[in-house]
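Taking it in order: structure first as structure tokens, then the write-up.
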Amino acid sequence: MMLQGWRWYGPDDPVSLDDIRQAGATDVVTALHQVPIGEAWTRSGVEERKHIIEKSQPGRSQLTWSVVESIPIPDDVKRLGGKATRSIEAWIASLEAVAAAGIKIVCYNFMPVVDWCRTDLEWELPNGAKAMRFDQERFAAFDLHILQRPGAAAEYSESARARAKQLHAGMTQADIDVLVTNIASALPGSTTDPLTIPQFRDRLQQYSGINSGVLRQHLIEFLARVTPVAEQLGVTLTLHPDDPPRPLFGLPRIASSAEDYSALFDAVPSKANGICFCTGSLGVRAQNDLPAIAKQFASRIGFAHLRATKREADGLSFFESDHLDGDVDMIAVLKALLTENRKRSAAEKIIFRPDHGHRMLDDLAETKRTNPGYTAIGRLRGLAELRGAIRAIEHAG
């Protein structure tokens, strides 16, 4: 059986450790979110978090901190590659602190300026639940008329520019403020800095001249430095795909396809160089064959985010669907992961977690504090569906 994980944002998370236990998860996925990006984690800080998860509630069902998600990679590493010596050394120090506590999987991403991007955090579904959504027209309105990115107009068709202009014209200041918050202010779990619009423009300018080839080379230089350390420590580094898996704001993204991952594995073949197999992120790109990618990189998958997304008619907008629906053939993906999992020792089993659940039932209450995409009930439903599918697949042999 693959190990059932659950993302937890620490002691201030409205979802408690007992909630995680009651959902049936055994493995906690968390990070020291309170530590500023670029600052080294300390061993005492890691041990304190580990104690809270594993030993602070004697007599309760055992939980294990199994995955770090994420140790953020500072912006200068993405812009400068191996020249960002101080930031890379701090990242390695964090890695060593994590390994000293016995945590063997570290998830990270290499998305420049903005991390995972959504225009709507509370988009109402036909059943009354709320999901996260990426609306291409709202994104274009932000890019063209709020951010006013130089050169952006050339990246949109005439009709797309007209729709964005009309949409922006109908926005209230409150609408604009919400959109800025959703895109620029860093969503929960983000590994990029919250930015004001002027800061956003300045950060984009700093990436002038950095194309996909340069950004990929900078990631390779980073991995060349950190994978020997990770391999020595017995840690697997798992690169999360771009979300969404395509360029945004004129910035390159280099973890969006099987070809992207192949290039990285060819350049840095270390066994510590792995993938976080996020079906929701990769599934947004219609060309990505998720079951085939799972089979191709099976031995490199140290960690999995299992969720589904549904592409809309324009091919660019999408929303978070139920875990077994959407454009992802989740059953075929699970079969591929289970095939790989059977080959592994008990210490190397694949850890997966449900991801981006809907806000539903009691979590819809206005008085209920929730993190977008990380409500208890929505993920509980997702985990239950995934667990049932896995049991059925295993029973069928």
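Following the order of the structure tokens, first chain is A, next is B, and so on, with residues numbered from 1 inside each chain and ligands from 1 in the order they appear.
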
For this session: Pick out the residues sitting within 7 Å of stretch 316-318 of chain A, and hand them over as number ranges by chain; count only C-alpha atoms, and ignore anything fewer than 6 positions along from it in its own chain.
Result: A: 133-136, 309-310

Write the selection just made, keeping N, CA, C and O atoms, as a short mmCIF file (atom, residue, chain, number, x, y, z; two decimals), in the first residue's frame?
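Here's the written file again.cif:
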```
data_model
loop_
_atom_site.label_atom_id
_atom_site.label_comp_id
_atom_site.auth_asym_id
_atom_site.auth_seq_id
_atom_site.Cartn_x
_atom_site.Cartn_y
_atom_site.Cartn_z
N ARG A 133 -9.82 28.12 -9.30
CA ARG A 133 -9.94 28.17 -10.75
C ARG A 133 -8.90 29.11 -11.33
O ARG A 133 -8.51 30.10 -10.70
N PHE A 134 -8.45 28.79 -12.53
CA PHE A 134 -7.61 29.70 -13.32
C PHE A 134 -8.44 30.11 -14.53
O PHE A 134 -8.74 29.29 -15.40
N ASP A 135 -8.83 31.38 -14.56
CA ASP A 135 -9.64 31.93 -15.63
C ASP A 135 -8.72 32.75 -16.53
O ASP A 135 -8.19 33.79 -16.11
N GLN A 136 -8.52 32.30 -17.75
CA GLN A 136 -7.57 32.95 -18.65
C GLN A 136 -7.93 34.41 -18.92
O GLN A 136 -7.05 35.26 -19.03
N THR A 309 -7.77 18.12 -12.46
CA THR A 309 -8.20 19.42 -12.96
C THR A 309 -9.02 19.21 -14.22
O THR A 309 -8.87 18.21 -14.92
N LYS A 310 -9.89 20.17 -14.49
CA LYS A 310 -10.74 20.09 -15.68
C LYS A 310 -10.47 21.30 -16.56
O LYS A 310 -10.67 22.44 -16.15
#
```

Problem set entry | Non-local contacts of A:Phe297 (10 Å; only C-alpha atoms; under 5 positions in same chain excluded) as a ChimeraX atom specification | /A:258,261-262,265,274-275,277,292,340

For this session: Using DSSP on the backbone coordinates, identify all residues within stretch 91-229 of chain A classified as helix (DSSP H, G or I); present the result as a PyMOL selection string.
Result: chain A and resi 91-100+136-146+152-155+158-169+173-184+197-206+212-229

Exercise. What does the distance from atom CA of A:Gly102 to atom CA of A:His51 come to in Å, to one decimal?
Worked result: 12.3 Å

For this session: Rounded to one decimal place, report the atom CA of A:Val333-atom CA of A:Leu386 distance in Å.
Result: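 Computing it gives 11.1 Å between the two atoms.
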
Exercise. Which residue out of A:Gly82, A:Gly388, A:Pro188, A:Pro74 has the minimum interatomic distance to A:Trp116 when only C-alpha atoms are used?
Worked result: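 Once distances to A:Trp116 are computed over only C-alpha atoms, the minimum belongs to A:Pro188.
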